>>> print(open('my_file_17.txt').read())   # compact mmCIF, C-alpha atoms
# COMPACT_ATOMS: atom_id res chain seq x y z
CA MET A 292 -80.64 -21.20 -49.05
CA PRO A 293 -83.00 -22.90 -46.61
CA SER A 294 -85.99 -24.72 -48.02
CA VAL A 295 -89.46 -23.15 -48.07
CA SER A 296 -90.39 -25.79 -45.51
CA LEU A 297 -87.64 -24.74 -43.10
CA GLN A 298 -88.50 -21.08 -43.56
CA HIS A 299 -92.12 -21.90 -42.77
CA TRP A 300 -90.97 -23.79 -39.68
CA GLN A 301 -88.86 -20.86 -38.56
CA ASN A 302 -91.19 -18.00 -39.46
CA ASP A 303 -94.61 -19.49 -38.80
CA ARG A 304 -94.67 -22.81 -36.98
CA ARG A 305 -92.08 -21.72 -34.39
CA LEU A 306 -93.95 -18.48 -33.69
CA ARG A 307 -97.17 -20.38 -33.10
CA LEU A 308 -95.37 -22.71 -30.71
CA THR A 309 -93.92 -19.69 -28.89
CA GLU A 310 -97.45 -18.38 -28.36
CA MET A 311 -98.50 -21.76 -27.02
CA ASP A 312 -95.48 -21.80 -24.71
CA ALA A 313 -96.52 -18.40 -23.35
CA HIS A 314 -100.07 -19.63 -22.89
CA CYS A 315 -98.86 -22.68 -20.94
CA ALA A 316 -96.63 -20.52 -18.73
CA ALA A 317 -99.51 -18.13 -18.04
CA SER A 318 -101.87 -21.02 -17.29
CA ALA A 319 -99.38 -22.46 -14.82
CA ALA A 320 -98.96 -19.11 -13.06
CA LEU A 321 -102.64 -18.34 -12.49
CA ALA A 322 -103.71 -17.22 -9.05
CA PRO A 323 -105.63 -18.99 -7.71
CA PRO A 324 -104.06 -21.98 -9.48
CA ASN A 325 -106.08 -23.84 -12.08
CA ALA A 326 -104.39 -27.23 -12.33
CA LEU A 327 -106.79 -28.61 -14.93
CA LEU A 328 -106.24 -25.69 -17.30
CA ALA A 329 -102.46 -25.89 -16.84
CA GLU A 330 -102.46 -29.63 -17.51
CA GLU A 331 -104.73 -29.46 -20.55
CA SER A 332 -102.70 -26.57 -21.97
CA LEU A 333 -99.54 -28.62 -21.66
CA CYS A 334 -101.22 -31.57 -23.37
CA GLY A 335 -102.28 -29.24 -26.16
CA PHE A 336 -98.69 -27.99 -26.48
CA VAL A 337 -97.46 -31.58 -26.89
CA MET A 338 -100.00 -32.27 -29.65
CA LEU A 339 -99.15 -29.05 -31.46
CA LEU A 340 -95.40 -29.59 -31.25
CA SER A 341 -95.66 -33.11 -32.62
CA GLY A 342 -98.10 -31.96 -35.30
CA HIS A 343 -95.98 -29.03 -36.42
CA PHE A 344 -92.85 -31.15 -36.58
CA GLN A 345 -94.70 -33.79 -38.60
CA GLY A 346 -95.96 -30.97 -40.83
CA PHE A 347 -92.43 -29.69 -41.36
CA CYS A 348 -91.12 -33.16 -42.26
CA ARG A 349 -94.02 -33.77 -44.64
CA ASP A 350 -93.54 -30.35 -46.25
CA LEU A 351 -89.81 -30.89 -46.71
CA TYR A 352 -90.39 -34.31 -48.24
CA ALA A 353 -92.97 -32.86 -50.65
CA GLU A 354 -90.70 -29.95 -51.57
CA CYS A 355 -87.78 -32.28 -52.31
CA SER A 356 -89.94 -34.67 -54.33
CA GLN A 357 -91.27 -31.79 -56.45
CA ILE A 358 -87.71 -30.62 -57.15
CA VAL A 359 -86.80 -34.10 -58.39
CA ALA A 360 -90.05 -34.43 -60.39
CA ALA A 361 -89.30 -31.12 -62.13
CA GLN A 362 -86.12 -32.64 -63.58
CA VAL A 363 -87.78 -35.44 -65.54
CA PRO A 364 -89.57 -35.16 -68.91
CA VAL A 365 -93.09 -33.75 -68.62
CA GLY A 366 -94.66 -37.05 -69.62
CA MET A 367 -92.93 -38.82 -66.75
CA ARG A 368 -93.59 -36.16 -64.10
CA GLY A 369 -96.92 -37.56 -62.95
CA THR A 370 -95.41 -41.02 -62.56
CA ILE A 371 -92.66 -39.69 -60.30
CA GLN A 372 -95.09 -37.56 -58.29
CA ALA A 373 -97.46 -40.50 -57.78
CA GLN A 374 -94.61 -42.76 -56.67
CA PHE A 375 -93.29 -40.24 -54.15
CA VAL A 376 -96.72 -39.89 -52.56
CA ALA A 377 -97.71 -43.57 -52.53
CA ALA A 378 -97.78 -45.06 -49.02
CA LEU A 379 -96.00 -42.08 -47.52
CA LYS A 380 -95.84 -42.69 -43.78
CA LEU A 381 -95.58 -39.04 -42.76
CA ASN A 382 -99.12 -38.56 -44.06
CA TYR A 383 -100.61 -40.56 -41.22
CA LYS A 384 -97.91 -41.60 -38.73
CA ASN A 385 -96.08 -39.76 -36.00
CA PRO A 386 -92.76 -38.15 -36.98
CA THR A 387 -90.58 -40.82 -35.37
CA VAL A 388 -87.01 -41.48 -36.43
CA ASP A 389 -88.23 -44.66 -38.10
CA THR A 390 -90.97 -42.88 -40.05
CA ILE A 391 -88.66 -40.08 -41.15
CA LYS A 392 -85.95 -42.53 -42.23
CA LYS A 393 -88.35 -44.74 -44.21
CA ASP A 394 -89.83 -41.82 -46.10
CA PHE A 395 -86.69 -39.79 -46.80
CA GLU A 396 -84.65 -42.84 -47.77
CA ARG A 397 -86.94 -43.11 -50.80
CA PHE A 398 -84.51 -40.59 -52.27
CA ALA A 399 -82.02 -43.49 -52.36
CA PHE A 400 -79.59 -42.65 -49.60
CA THR A 401 -79.06 -43.67 -45.98
CA LEU A 402 -80.40 -41.14 -43.52
CA ASP A 403 -78.00 -41.59 -40.62
CA PHE A 404 -79.13 -39.64 -37.58
CA SER A 405 -76.02 -40.72 -35.67
CA ALA A 406 -73.77 -38.94 -38.19
CA ASP A 407 -74.25 -35.77 -36.14
CA PRO A 408 -73.37 -36.20 -32.43
CA ALA A 409 -75.87 -33.44 -31.56
CA ASN A 410 -78.66 -35.74 -32.73
CA GLY A 411 -78.25 -38.16 -29.81
CA PRO A 412 -80.30 -36.14 -27.30
CA ARG A 413 -82.54 -34.80 -30.07
CA VAL A 414 -83.58 -38.31 -31.08
CA THR A 415 -84.22 -39.22 -27.43
CA HIS A 416 -86.38 -36.13 -27.01
CA LEU A 417 -88.29 -36.88 -30.20
CA GLY A 418 -89.05 -40.34 -28.82
CA HIS A 419 -90.31 -38.85 -25.56
CA LEU A 420 -92.41 -36.31 -27.44
CA ASN A 421 -94.06 -38.98 -29.56
CA ARG A 422 -94.75 -41.24 -26.55
CA TRP A 423 -96.45 -38.37 -24.76
CA ARG A 424 -98.23 -37.31 -27.93
CA ASN A 425 -99.83 -40.76 -28.20
CA CYS A 426 -100.65 -40.81 -24.51
CA VAL A 427 -102.45 -37.46 -24.82
CA ALA A 428 -104.14 -38.22 -28.14
CA HIS A 429 -105.52 -41.55 -26.94
CA GLN A 430 -106.14 -40.35 -23.40
CA SER A 431 -104.18 -43.30 -22.04
CA PRO A 432 -104.36 -43.55 -18.27
CA GLY A 433 -101.11 -43.07 -16.34
CA VAL A 434 -97.66 -42.02 -17.43
CA PRO A 435 -95.79 -43.69 -20.31
CA GLN A 436 -93.07 -46.03 -19.01
CA GLY A 437 -89.46 -44.89 -19.18
CA VAL A 438 -90.32 -41.33 -20.20
CA PRO A 439 -89.87 -38.19 -18.07
CA LEU A 440 -92.91 -36.56 -16.54
CA LEU A 441 -94.76 -34.06 -18.68
CA THR A 442 -93.62 -30.57 -17.66
CA LEU A 443 -93.36 -27.28 -19.48
CA GLN A 444 -89.56 -27.47 -19.30
CA ALA A 445 -89.63 -30.94 -20.86
CA VAL A 446 -91.77 -29.73 -23.77
CA ARG A 447 -89.43 -26.76 -24.20
CA ASP A 448 -86.47 -29.15 -24.40
CA TRP A 449 -88.29 -31.29 -26.98
CA ARG A 450 -89.06 -28.17 -28.98
CA VAL A 451 -85.39 -27.18 -29.08
CA SER A 452 -84.58 -30.69 -30.27
CA CYS A 453 -87.23 -30.55 -33.01
CA ASP A 454 -85.74 -27.25 -34.09
CA GLY A 455 -82.27 -28.83 -34.28
CA LEU A 456 -83.57 -31.83 -36.21
CA ALA A 457 -85.43 -29.57 -38.65
CA GLY A 458 -82.26 -27.64 -39.49
CA TRP A 459 -80.22 -30.84 -39.71
CA LEU A 460 -82.71 -32.60 -42.01
CA ASP A 461 -82.95 -29.53 -44.23
CA ALA A 462 -79.16 -29.42 -44.61
CA ILE A 463 -78.96 -33.16 -45.31
CA MET A 464 -81.60 -32.93 -48.04
CA HIS A 465 -79.81 -29.97 -49.61
CA VAL A 466 -76.67 -32.08 -49.88
CA GLU A 467 -78.52 -35.15 -51.16
CA LEU A 468 -80.49 -33.19 -53.76
CA SER A 469 -77.29 -31.52 -54.92
CA HIS A 470 -75.86 -34.99 -55.40
CA ILE A 471 -78.96 -36.31 -57.20
CA LEU A 472 -79.33 -33.26 -59.47
CA GLY A 473 -75.64 -32.58 -59.99
CA ALA A 474 -76.17 -28.98 -58.83
CA PRO A 475 -77.64 -27.28 -55.76
CA PRO A 476 -81.45 -27.25 -55.84
CA MET B 1156 -107.91 -13.72 -41.00
CA ALA B 1157 -108.54 -17.09 -42.57
CA ILE B 1158 -106.12 -19.95 -42.12
CA GLY B 1159 -104.33 -20.77 -45.38
CA ASP B 1160 -105.30 -17.47 -46.99
CA THR B 1161 -103.08 -17.56 -50.09
CA LYS B 1162 -103.48 -16.62 -53.74
CA GLN B 1163 -104.52 -19.94 -55.19
CA HIS B 1164 -106.42 -20.75 -58.34
CA PHE B 1165 -108.02 -23.96 -57.11
CA ALA B 1166 -109.87 -24.84 -53.96
CA VAL B 1167 -110.35 -27.96 -51.91
CA GLY B 1168 -113.28 -29.84 -53.45
CA ASP B 1169 -112.60 -28.70 -57.03
CA LEU B 1170 -112.68 -31.41 -59.68
CA VAL B 1171 -109.58 -31.25 -61.85
CA LYS B 1172 -107.87 -32.96 -64.73
CA ILE B 1173 -104.14 -33.56 -64.40
CA ARG B 1174 -102.28 -32.76 -67.60
CA ASP B 1175 -99.79 -35.20 -69.14
CA THR B 1176 -100.79 -38.13 -66.97
CA GLY B 1177 -102.78 -41.29 -67.61
CA TYR B 1178 -105.59 -40.28 -65.27
CA ARG B 1179 -108.62 -40.20 -67.56
CA ARG B 1180 -111.15 -39.27 -64.93
CA PRO B 1181 -111.13 -36.04 -62.98
CA GLY B 1182 -109.64 -36.04 -59.50
CA MET B 1183 -110.68 -34.01 -56.51
CA ILE B 1184 -108.42 -31.54 -54.73
CA VAL B 1185 -108.29 -32.64 -51.11
CA GLU B 1186 -105.53 -30.40 -49.73
CA PHE B 1187 -103.69 -27.21 -50.62
CA ARG B 1188 -100.05 -27.94 -49.76
CA GLY B 1189 -98.66 -24.45 -50.22
CA PRO B 1190 -95.75 -23.02 -52.24
CA LEU B 1191 -93.64 -26.18 -52.08
CA GLY B 1192 -92.87 -26.46 -55.78
CA PRO B 1193 -89.66 -25.21 -57.44
CA GLY B 1194 -89.65 -21.40 -57.40
CA GLY B 1195 -92.58 -21.34 -54.99
CA VAL B 1196 -95.06 -22.97 -57.36
CA LEU B 1197 -98.24 -23.96 -55.52
CA ILE B 1198 -98.78 -27.65 -54.84
CA TYR B 1199 -102.09 -29.46 -54.44
CA ARG B 1200 -102.93 -32.92 -53.19
CA VAL B 1201 -105.43 -34.60 -55.48
CA ARG B 1202 -107.41 -37.78 -54.87
CA VAL B 1203 -107.37 -39.62 -58.17
CA ARG B 1204 -109.23 -42.75 -57.13
CA ARG B 1205 -111.84 -43.53 -54.49
CA LYS B 1206 -112.39 -47.26 -54.84
CA PRO B 1207 -111.31 -49.88 -53.91
CA SER B 1208 -108.93 -47.72 -51.91
CA PRO B 1209 -108.17 -44.03 -52.36
CA ALA B 1210 -105.06 -42.99 -54.28
CA TYR B 1211 -103.45 -39.57 -54.22
CA ILE B 1212 -100.92 -37.50 -56.11
CA GLU B 1213 -99.33 -34.13 -55.30
CA VAL B 1214 -98.98 -31.92 -58.34
CA ARG B 1215 -98.09 -28.40 -59.35
CA GLU B 1216 -100.73 -25.84 -60.05
CA ASP B 1217 -99.68 -25.60 -63.71
CA GLN B 1218 -100.46 -29.29 -64.17
CA LEU B 1219 -104.12 -28.81 -63.27
CA GLU B 1220 -107.17 -27.93 -65.34
CA LEU B 1221 -110.50 -27.20 -63.70
CA PHE B 1222 -113.07 -29.81 -64.69
CA PRO B 1223 -116.41 -28.23 -65.51
CA LYS B 1224 -119.06 -28.97 -62.91
CA ALA B 1225 -122.20 -30.78 -64.04
CA GLU B 1226 -125.21 -28.48 -64.39
>>> encode(input="my_file_17.txt", output="structure tokens")
Amino acid sequence: MPSVSLQHWQNDRRLRLTEMDAHCAASAALAPPNALLAEESLCGFVMLLSGHFQGFCRDLYAECSQIVAAQVPVGMRGTIQAQFVAALKLNYKNPTVDTIKKDFERFAFTLDFSADPANGPRVTHLGHLNRWRNCVAHQSPGVPQGVPLLTLQAVRDWRVSCDGLAGWLDAIMHVELSHILGAPP
Amino acid sequence: MAIGDTKQHFAVGDLVKIRDTGYRRPGMIVEFRGPLGPGGVLIYRVRVRRKPSPAYIEVREDQLELFPKAE
């Protein structure tokens, strides 16, 4: 069964992003054109996509850590919960491959994105998303080097990749927790 | 409709004691994390220390006790 975090991604976060997609498409199709509105809407879409994906990763991490904490004696539960939260990068950093790996590998396994060939383009897209996210958030002048131009189609592609990574990460954590607990969570 | 409108027994800003831990002083709820606990139990993020640097813990609702507010 998918995690609560993945269900929330699928049934809430994704719907919100679909509404934002529709808003961006409508902004781009205005007559007469309103380039500023279309551009700002797209920038907003980038921020929201990055934020929702970070939220999903953070939720999934928290959900998994609570499952593990529930398995230890009551007196030790707070210790485990405090350790899982301490210095968690997903609380304040972008959801990069590096951030996700460092946090989820606290469950004592190697999170190998390359294990699934489908992750190649997904990881590239996530990198592009985060570069543009920083550019928008910090209002950096110009276009980030080595990254495609910001278009609605590009953000749609990144969104599909985030969706793929969310499902992949959820499945990986199900397997790892089953291994840790000796039974499916 | 309010964002985060869920049946929860504690609110952001509440002072709470965390059962079965060594935290002697009350902490403050700083975020409602949602039904992320086993079986959909509600999870809260609690700040347990402010100085010299803040420290946090995420706990289940059934681990919390509301700390009476000073009159």
>>> residues_around(input="my_file_17.txt", residues="Leu468 of chain A", least_positions_apart="2", cutoff="12 Å", atoms="all atoms listed in the file", output="list of chain:residue names")
A:Ser294, A:Leu351, A:Tyr352, A:Glu354, A:Cys355, A:Ser356, A:Gln357, A:Ile358, A:Val359, A:Ala360, A:Gln362, A:Phe395, A:Phe398, A:Ala399, A:Phe400, A:Leu460, A:Asp461, A:Ala462, A:Ile463, A:Met464, A:His465, A:Val466, A:His470, A:Ile471, A:Leu472, A:Gly473, A:Ala474, A:Pro475, A:Pro476
>>> interface_residues(input="my_file_17.txt", of="chain B", to="chain A", cutoff="6 Å", atoms="all atoms listed in the file", output="list in words")
Asp1175, Thr1176, Leu1191, Gly1192, Pro1193 and Ile1212 of chain B
>>> closest_residue(input="my_file_17.txt", among="A:Ser405, A:Ser431, A:Ser341, A:Asn382", to="Glu1186 of chain B", atoms="only C-alpha atoms")
A:Asn382
>>> residues_around(input="my_file_17.txt", residues="Ile1198 of chain B", least_positions_apart="2", cutoff="8 Å", atoms="only C-alpha atoms", output="VMD selection string")
chain B and resid 1187 to 1192 1196 1200 1213 to 1216
>>> atom_distance(input="my_file_17.txt", atom1="atom CA of Leu297 of chain A", atom2="atom CA of Thr415 of chain A")
21.6 Å
>>> closest_residue(input="my_file_17.txt", among="A:Val337, A:Trp459, A:Met311, A:Arg397", to="Ala409 of chain A", atoms="all atoms listed in the file")
A:Trp459
>>> closest_residue(input="my_file_17.txt", among="B:Met1183, B:Tyr1211, B:Tyr1199, B:Asp1217", to="Val1171 of chain B", atoms="all atoms listed in the file")
B:Met1183
>>> residues_around(input="my_file_17.txt", residues="Gly1168 of chain B", least_positions_apart="2", cutoff="7 Å", atoms="only C-alpha atoms", output="NGL selection string")
:B and (1166 or 1170 or 1183-1185)
>>> write_last_selection(input="my_file_17.txt", atoms="C-alpha atoms", output="compact mmCIF listing (two decimals), in the frame of the given file")
# COMPACT_ATOMS: atom_id res chain seq x y z
CA ALA B 1166 -109.87 -24.84 -53.96
CA LEU B 1170 -112.68 -31.41 -59.68
CA MET B 1183 -110.68 -34.01 -56.51
CA ILE B 1184 -108.42 -31.54 -54.73
CA VAL B 1185 -108.29 -32.64 -51.11
>>> atom_distance(input="my_file_17.txt", atom1="atom CA of Arg1174 of chain B", atom2="atom CA of Glu1220 of chain B")
7.2 Å
>>> atom_distance(input="my_file_17.txt", atom1="atom CA of Arg307 of chain A", atom2="atom CA of Met338 of chain A")
12.7 Å
>>> closest_residue(input="my_file_17.txt", among="A:Leu379, A:Leu443, A:Leu306, A:Leu417", to="Ser332 of chain A", atoms="all atoms listed in the file")
A:Leu443
>>> closest_residue(input="my_file_17.txt", among="A:Asp448, A:Glu396, A:Asp407, A:Asp454", to="Glu467 of chain A", atoms="all atoms listed in the file")
A:Glu396
>>> closest_residue(input="my_file_17.txt", among="A:Gln345, A:Ser452, A:Asn302, A:Ser469", to="Pro412 of chain A", atoms="all atoms listed in the file")
A:Ser452
>>> residues_around(input="my_file_17.txt", residues="Ala1210 of chain B", least_positions_apart="5", cutoff="9 Å", atoms="all atoms listed in the file", output="PDB file with C-alpha atoms, in the coordinates of the input")
ATOM      1  CA  ALA A 373     -97.460 -40.500 -57.780  1.00  0.00           C
ATOM      2  CA  ALA A 377     -97.710 -43.570 -52.530  1.00  0.00           C
TER       3      ALA A 377
ATOM      4  CA  VAL B1201    -105.430 -34.600 -55.480  1.00  0.00           C
ATOM      5  CA  ARG B1202    -107.410 -37.780 -54.870  1.00  0.00           C
ATOM      6  CA  VAL B1203    -107.370 -39.620 -58.170  1.00  0.00           C
ATOM      7  CA  ARG B1204    -109.230 -42.750 -57.130  1.00  0.00           C
ATOM      8  CA  ARG B1205    -111.840 -43.530 -54.490  1.00  0.00           C
TER       9      ARG B1205
END
>>> decode(input="my_file_17.txt", residues="segment 1193-1213 of chain B", atoms="N, CA and C atoms", output="compact mmCIF listing (two decimals), in the first residue's frame")
# COMPACT_ATOMS: atom_id res chain seq x y z
N PRO B 1193 2.17 5.86 12.35
CA PRO B 1193 1.59 4.56 12.03
C PRO B 1193 0.08 4.57 12.26
N GLY B 1194 -0.68 4.07 11.28
CA GLY B 1194 -2.14 4.06 11.39
C GLY B 1194 -2.76 5.44 11.26
N GLY B 1195 -2.01 6.40 10.76
CA GLY B 1195 -2.56 7.74 10.56
C GLY B 1195 -2.53 8.62 11.80
N VAL B 1196 -1.73 8.21 12.80
CA VAL B 1196 -1.61 9.03 14.00
C VAL B 1196 -1.03 10.40 13.62
N LEU B 1197 -1.56 11.45 14.25
CA LEU B 1197 -1.10 12.80 13.93
C LEU B 1197 0.29 13.06 14.52
N ILE B 1198 1.08 13.77 13.74
CA ILE B 1198 2.46 14.07 14.14
C ILE B 1198 2.63 15.58 14.26
N TYR B 1199 3.36 15.98 15.29
CA TYR B 1199 3.64 17.40 15.54
C TYR B 1199 5.15 17.62 15.64
N ARG B 1200 5.56 18.77 15.16
CA ARG B 1200 6.96 19.18 15.33
C ARG B 1200 7.02 20.12 16.54
N VAL B 1201 7.89 19.78 17.47
CA VAL B 1201 7.96 20.53 18.72
C VAL B 1201 9.37 21.10 18.89
N ARG B 1202 9.45 22.38 19.22
CA ARG B 1202 10.75 22.97 19.54
C ARG B 1202 10.99 22.75 21.03
N VAL B 1203 12.05 22.03 21.34
CA VAL B 1203 12.31 21.65 22.73
C VAL B 1203 13.41 22.49 23.37
N ARG B 1204 14.07 23.31 22.56
CA ARG B 1204 15.11 24.18 23.12
C ARG B 1204 15.23 25.41 22.24
N ARG B 1205 15.43 26.55 22.84
CA ARG B 1205 15.57 27.79 22.06
C ARG B 1205 17.02 28.25 22.00
N LYS B 1206 17.73 28.10 23.12
CA LYS B 1206 19.10 28.61 23.18
C LYS B 1206 20.04 27.49 23.60
N PRO B 1207 21.28 27.46 23.19
CA PRO B 1207 21.94 28.44 22.29
C PRO B 1207 21.51 28.30 20.83
N SER B 1208 20.98 27.14 20.48
CA SER B 1208 20.43 26.99 19.13
C SER B 1208 19.18 26.13 19.27
N PRO B 1209 18.16 26.37 18.45
CA PRO B 1209 16.92 25.62 18.63
C PRO B 1209 17.10 24.13 18.32
N ALA B 1210 16.34 23.32 19.05
CA ALA B 1210 16.34 21.87 18.79
C ALA B 1210 14.88 21.43 18.66
N TYR B 1211 14.66 20.45 17.81
CA TYR B 1211 13.30 20.03 17.49
C TYR B 1211 13.16 18.52 17.63
N ILE B 1212 11.92 18.10 17.76
CA ILE B 1212 11.60 16.67 17.73
C ILE B 1212 10.22 16.55 17.09
N GLU B 1213 10.00 15.46 16.35
CA GLU B 1213 8.67 15.20 15.79
C GLU B 1213 8.08 14.00 16.51
